[in-house]
Amino acid sequence: MTDLYDKDVYSWALKQADALRRRSANEIDWDNVAEEIEDVARSEAREWRNRMAVLLLHLLKWRFQPQRRGRSWEASIKGQRIALAIHMRDNPSLKAIIDALFTDAYAIARTEAFAETDLDDAVFPEVNPFTLDQAMDPAFWPEPPDEAAR
């Protein structure tokens, strides 16, 4: 079965699913099945992190480019908040690693904000200026930083 896994994952997966349903333990490619199941878990975490990165990116742009605010940013922020809440509802054990995911998401968002704007890299704080609660709060819309604070 390992040879099939290396050559045709689709066929391998169908055969493994069939063997599992038939409870045919001797046909199971245990190591690769375990690896694939772990990958499902990593994928769920990755999806939450990537959606949060998009949310944080648009919150950064909303805050630091107020003159460019528009419906698409607003829709993205609202949509990501909803999708993230649903994803967490469907995968509540992600809460155990949410701080790390949130930190990683901000690093991605900061890098993308610099790439997508004409703003200097130093404009975007190295430390996330938003809390998780703020990012997820439908009533939270960041205002530009105080000019005097710059």
# chains A, B, ... in the order shown; residues from 1 in each chain; ligands from 1
>>> residues_around(residues="range 82-98 of chain A", least_positions_apart="5", cutoff="12 Å", atoms="only C-alpha atoms", output="number ranges by chain")
A: 40-56, 75-77, 103-105, 131-133, 135-138
>>> write_last_selection(atoms="N, CA, C and O atoms", output="tab-separated table (two decimals), in the first residue's frame")
chain	number	residue	atom	x	y	z
A	40	VAL	N	-4.84	16.57	8.18
A	40	VAL	CA	-6.17	17.18	8.26
A	40	VAL	C	-6.19	18.18	9.41
A	40	VAL	O	-6.68	19.31	9.25
A	41	ALA	N	-5.63	17.80	10.54
A	41	ALA	CA	-5.59	18.71	11.70
A	41	ALA	C	-4.76	19.95	11.37
A	41	ALA	O	-5.18	21.08	11.67
A	42	ARG	N	-3.59	19.76	10.76
A	42	ARG	CA	-2.76	20.91	10.39
A	42	ARG	C	-3.49	21.80	9.39
A	42	ARG	O	-3.37	23.03	9.45
A	43	SER	N	-4.24	21.20	8.51
A	43	SER	CA	-4.99	21.96	7.51
A	43	SER	C	-6.05	22.85	8.16
A	43	SER	O	-6.25	24.00	7.75
A	44	GLU	N	-6.73	22.34	9.16
A	44	GLU	CA	-7.73	23.13	9.87
A	44	GLU	C	-7.08	24.32	10.57
A	44	GLU	O	-7.61	25.43	10.54
A	45	ALA	N	-5.93	24.09	11.18
A	45	ALA	CA	-5.21	25.17	11.84
A	45	ALA	C	-4.72	26.19	10.81
A	45	ALA	O	-4.82	27.41	11.02
A	46	ARG	N	-4.21	25.70	9.70
A	46	ARG	CA	-3.71	26.58	8.63
A	46	ARG	C	-4.85	27.45	8.07
A	46	ARG	O	-4.66	28.64	7.81
A	47	GLU	N	-6.02	26.85	7.89
A	47	GLU	CA	-7.15	27.62	7.36
A	47	GLU	C	-7.51	28.75	8.31
A	47	GLU	O	-7.72	29.89	7.88
A	48	TRP	N	-7.57	28.48	9.61
A	48	TRP	CA	-7.91	29.53	10.58
A	48	TRP	C	-6.84	30.62	10.55
A	48	TRP	O	-7.16	31.81	10.50
A	49	ARG	N	-5.57	30.21	10.56
A	49	ARG	CA	-4.46	31.19	10.55
A	49	ARG	C	-4.52	32.05	9.29
A	49	ARG	O	-4.37	33.27	9.36
A	50	ASN	N	-4.74	31.44	8.13
A	50	ASN	CA	-4.75	32.20	6.88
A	50	ASN	C	-5.94	33.15	6.80
A	50	ASN	O	-5.82	34.26	6.30
A	51	ARG	N	-7.09	32.71	7.28
A	51	ARG	CA	-8.26	33.61	7.31
A	51	ARG	C	-8.01	34.78	8.25
A	51	ARG	O	-8.36	35.92	7.96
A	52	MET	N	-7.38	34.49	9.41
A	52	MET	CA	-7.06	35.56	10.35
A	52	MET	C	-6.04	36.51	9.74
A	52	MET	O	-6.12	37.73	9.95
A	53	ALA	N	-5.10	36.00	8.98
A	53	ALA	CA	-4.12	36.87	8.31
A	53	ALA	C	-4.82	37.84	7.36
A	53	ALA	O	-4.47	39.02	7.30
A	54	VAL	N	-5.81	37.35	6.63
A	54	VAL	CA	-6.57	38.22	5.72
A	54	VAL	C	-7.32	39.29	6.53
A	54	VAL	O	-7.32	40.47	6.18
A	55	LEU	N	-7.94	38.87	7.61
A	55	LEU	CA	-8.65	39.82	8.47
A	55	LEU	C	-7.70	40.88	9.00
A	55	LEU	O	-7.96	42.09	8.91
A	56	LEU	N	-6.57	40.45	9.54
A	56	LEU	CA	-5.61	41.40	10.11
A	56	LEU	C	-5.02	42.31	9.03
A	56	LEU	O	-4.79	43.50	9.27
A	75	ALA	N	-16.26	44.50	3.45
A	75	ALA	CA	-16.85	43.18	3.21
A	75	ALA	C	-15.88	42.08	3.59
A	75	ALA	O	-16.29	41.05	4.17
A	76	SER	N	-14.61	42.25	3.30
A	76	SER	CA	-13.61	41.25	3.67
A	76	SER	C	-13.51	41.10	5.18
A	76	SER	O	-13.48	39.99	5.70
A	77	ILE	N	-13.48	42.23	5.87
A	77	ILE	CA	-13.39	42.20	7.34
A	77	ILE	C	-14.62	41.48	7.92
A	77	ILE	O	-14.48	40.56	8.74
A	103	THR	N	-0.53	34.97	16.45
A	103	THR	CA	0.80	35.58	16.29
A	103	THR	C	1.32	35.36	14.87
A	103	THR	O	1.81	36.28	14.23
A	104	ASP	N	1.21	34.13	14.39
A	104	ASP	CA	1.67	33.81	13.04
A	104	ASP	C	0.86	34.57	11.99
A	104	ASP	O	1.40	35.05	10.99
A	105	ALA	N	-0.44	34.69	12.22
A	105	ALA	CA	-1.31	35.40	11.27
A	105	ALA	C	-0.90	36.86	11.16
A	105	ALA	O	-0.89	37.42	10.07
A	131	THR	N	-6.03	43.05	19.56
A	131	THR	CA	-6.21	41.82	20.33
A	131	THR	C	-7.10	40.88	19.51
A	131	THR	O	-7.78	41.33	18.57
A	132	LEU	N	-7.11	39.64	19.88
A	132	LEU	CA	-7.99	38.68	19.21
A	132	LEU	C	-9.45	39.12	19.37
A	132	LEU	O	-10.23	39.07	18.42
A	133	ASP	N	-9.80	39.57	20.56
A	133	ASP	CA	-11.18	40.01	20.79
A	133	ASP	C	-11.54	41.19	19.89
A	133	ASP	O	-12.64	41.23	19.34
A	135	ALA	N	-10.13	41.95	16.97
A	135	ALA	CA	-10.18	41.48	15.58
A	135	ALA	C	-11.51	40.80	15.28
A	135	ALA	O	-12.05	40.95	14.18
A	136	MET	N	-12.05	40.09	16.24
A	136	MET	CA	-13.28	39.33	16.02
A	136	MET	C	-14.56	40.11	16.34
A	136	MET	O	-15.64	39.67	16.01
A	137	ASP	N	-14.43	41.27	16.95
A	137	ASP	CA	-15.58	42.06	17.38
A	137	ASP	C	-16.20	42.81	16.19
A	137	ASP	O	-15.56	43.68	15.59
A	138	PRO	N	-17.45	42.49	15.83
A	138	PRO	CA	-18.09	43.15	14.69
A	138	PRO	C	-18.20	44.67	14.86
A	138	PRO	O	-18.32	45.39	13.87
>>> atom_distance(atom1="CA of Ala100 in chain A", atom2="CA of Phe64 in chain A")
24.5 Å
>>> closest_residue(among="A:Gly79, A:Leu57, A:Trp62, A:Glu74", to="Glu112 in chain A", atoms="only C-alpha atoms")
A:Leu57
>>> atom_distance(atom1="CA of Leu60 in chain A", atom2="CA of Val127 in chain A")
12.1 Å
>>> residues_around(residues="Asp121 in chain A", least_positions_apart="4", cutoff="9 Å", atoms="only C-alpha atoms", output="compact mmCIF listing (two decimals) with all heavy atoms, in the first residue's frame")
# COMPACT_ATOMS: atom_id res chain seq x y z
N ARG A 110 1.25 41.52 8.35
CA ARG A 110 2.18 42.67 8.33
C ARG A 110 3.02 42.65 7.06
O ARG A 110 3.19 43.68 6.40
CB ARG A 110 3.07 42.63 9.57
CG ARG A 110 3.98 43.83 9.69
CD ARG A 110 4.78 43.79 11.01
NE ARG A 110 5.56 44.98 11.15
CZ ARG A 110 6.82 45.10 10.74
NH1 ARG A 110 7.44 44.07 10.17
NH2 ARG A 110 7.48 46.24 10.91
N THR A 111 3.53 41.48 6.70
CA THR A 111 4.33 41.35 5.49
C THR A 111 3.50 41.70 4.25
O THR A 111 3.95 42.41 3.36
CB THR A 111 4.88 39.92 5.38
OG1 THR A 111 5.70 39.66 6.52
CG2 THR A 111 5.70 39.74 4.12
N ALA A 113 0.75 43.54 4.17
CA ALA A 113 0.35 44.95 4.21
C ALA A 113 1.45 45.82 3.60
O ALA A 113 1.16 46.73 2.82
CB ALA A 113 0.04 45.38 5.64
N PHE A 114 2.68 45.53 3.92
CA PHE A 114 3.79 46.27 3.34
C PHE A 114 3.84 46.07 1.83
O PHE A 114 4.01 47.02 1.06
CB PHE A 114 5.12 45.83 3.98
CG PHE A 114 6.33 46.38 3.28
CD1 PHE A 114 6.61 47.74 3.32
CD2 PHE A 114 7.17 45.55 2.58
CE1 PHE A 114 7.72 48.26 2.66
CE2 PHE A 114 8.28 46.05 1.92
CZ PHE A 114 8.55 47.40 1.95
N ALA A 115 3.63 44.83 1.39
CA ALA A 115 3.69 44.52 -0.05
C ALA A 115 2.53 45.14 -0.82
O ALA A 115 2.69 45.49 -1.99
CB ALA A 115 3.70 43.00 -0.25
N PRO A 125 3.19 48.17 12.96
CA PRO A 125 3.87 47.78 14.20
C PRO A 125 4.38 46.34 14.15
O PRO A 125 3.73 45.46 13.57
CB PRO A 125 2.77 47.91 15.26
CG PRO A 125 1.71 48.74 14.64
CD PRO A 125 1.81 48.57 13.17
>>> decode(residues="range 117-141 of chain A", atoms="N, CA and C atoms", output="short mmCIF file (atom, residue, chain, number, x, y, z; two decimals), in the first residue's frame")
data_model
loop_
_atom_site.label_atom_id
_atom_site.label_comp_id
_atom_site.auth_asym_id
_atom_site.auth_seq_id
_atom_site.Cartn_x
_atom_site.Cartn_y
_atom_site.Cartn_z
N THR A 117 0.76 47.97 -0.04
CA THR A 117 0.55 49.41 0.13
C THR A 117 1.83 50.15 -0.29
N ASP A 118 1.70 51.44 -0.37
CA ASP A 118 2.88 52.28 -0.64
C ASP A 118 3.50 52.77 0.65
N LEU A 119 3.11 52.17 1.75
CA LEU A 119 3.59 52.62 3.05
C LEU A 119 4.91 51.95 3.42
N ASP A 120 5.69 52.65 4.19
CA ASP A 120 6.95 52.12 4.68
C ASP A 120 6.70 50.97 5.65
N ASP A 121 7.58 50.01 5.65
CA ASP A 121 7.47 48.84 6.53
C ASP A 121 7.33 49.24 7.99
N ALA A 122 8.01 50.30 8.39
CA ALA A 122 8.00 50.74 9.79
C ALA A 122 6.64 51.26 10.24
N VAL A 123 5.75 51.58 9.30
CA VAL A 123 4.41 52.05 9.65
C VAL A 123 3.63 50.97 10.39
N PHE A 124 3.85 49.73 9.98
CA PHE A 124 3.10 48.63 10.57
C PHE A 124 3.83 48.11 11.79
N PRO A 125 3.19 48.17 12.96
CA PRO A 125 3.87 47.78 14.20
C PRO A 125 4.38 46.34 14.15
N GLU A 126 5.53 46.12 14.76
CA GLU A 126 6.07 44.76 14.82
C GLU A 126 5.21 43.88 15.70
N VAL A 127 4.64 44.47 16.73
CA VAL A 127 3.74 43.75 17.64
C VAL A 127 2.31 44.04 17.21
N ASN A 128 1.51 43.03 17.15
CA ASN A 128 0.13 43.15 16.72
C ASN A 128 -0.59 44.23 17.53
N PRO A 129 -1.12 45.26 16.86
CA PRO A 129 -1.81 46.32 17.60
C PRO A 129 -3.24 45.94 17.99
N PHE A 130 -3.69 44.80 17.53
CA PHE A 130 -5.06 44.36 17.80
C PHE A 130 -5.03 43.13 18.70
N THR A 131 -6.03 43.05 19.56
CA THR A 131 -6.21 41.82 20.33
C THR A 131 -7.10 40.88 19.51
N LEU A 132 -7.11 39.64 19.88
CA LEU A 132 -7.99 38.68 19.21
C LEU A 132 -9.45 39.12 19.37
N ASP A 133 -9.80 39.57 20.56
CA ASP A 133 -11.18 40.01 20.79
C ASP A 133 -11.54 41.19 19.89
N GLN A 134 -10.62 42.14 19.73
CA GLN A 134 -10.89 43.26 18.85
C GLN A 134 -11.06 42.80 17.41
N ALA A 135 -10.13 41.95 16.97
CA ALA A 135 -10.18 41.48 15.58
C ALA A 135 -11.51 40.80 15.28
N MET A 136 -12.05 40.09 16.24
CA MET A 136 -13.28 39.33 16.02
C MET A 136 -14.56 40.11 16.34
N ASP A 137 -14.43 41.27 16.95
CA ASP A 137 -15.58 42.06 17.38
C ASP A 137 -16.20 42.81 16.19
N PRO A 138 -17.45 42.49 15.83
CA PRO A 138 -18.09 43.15 14.69
C PRO A 138 -18.20 44.67 14.86
N ALA A 139 -18.13 45.15 16.08
CA ALA A 139 -18.24 46.60 16.33
C ALA A 139 -16.88 47.30 16.28
N PHE A 140 -15.79 46.54 16.19
CA PHE A 140 -14.46 47.15 16.21
C PHE A 140 -14.00 47.51 14.80
N TRP A 141 -13.72 48.80 14.61
CA TRP A 141 -13.17 49.32 13.36
C TRP A 141 -12.05 50.27 13.75
#
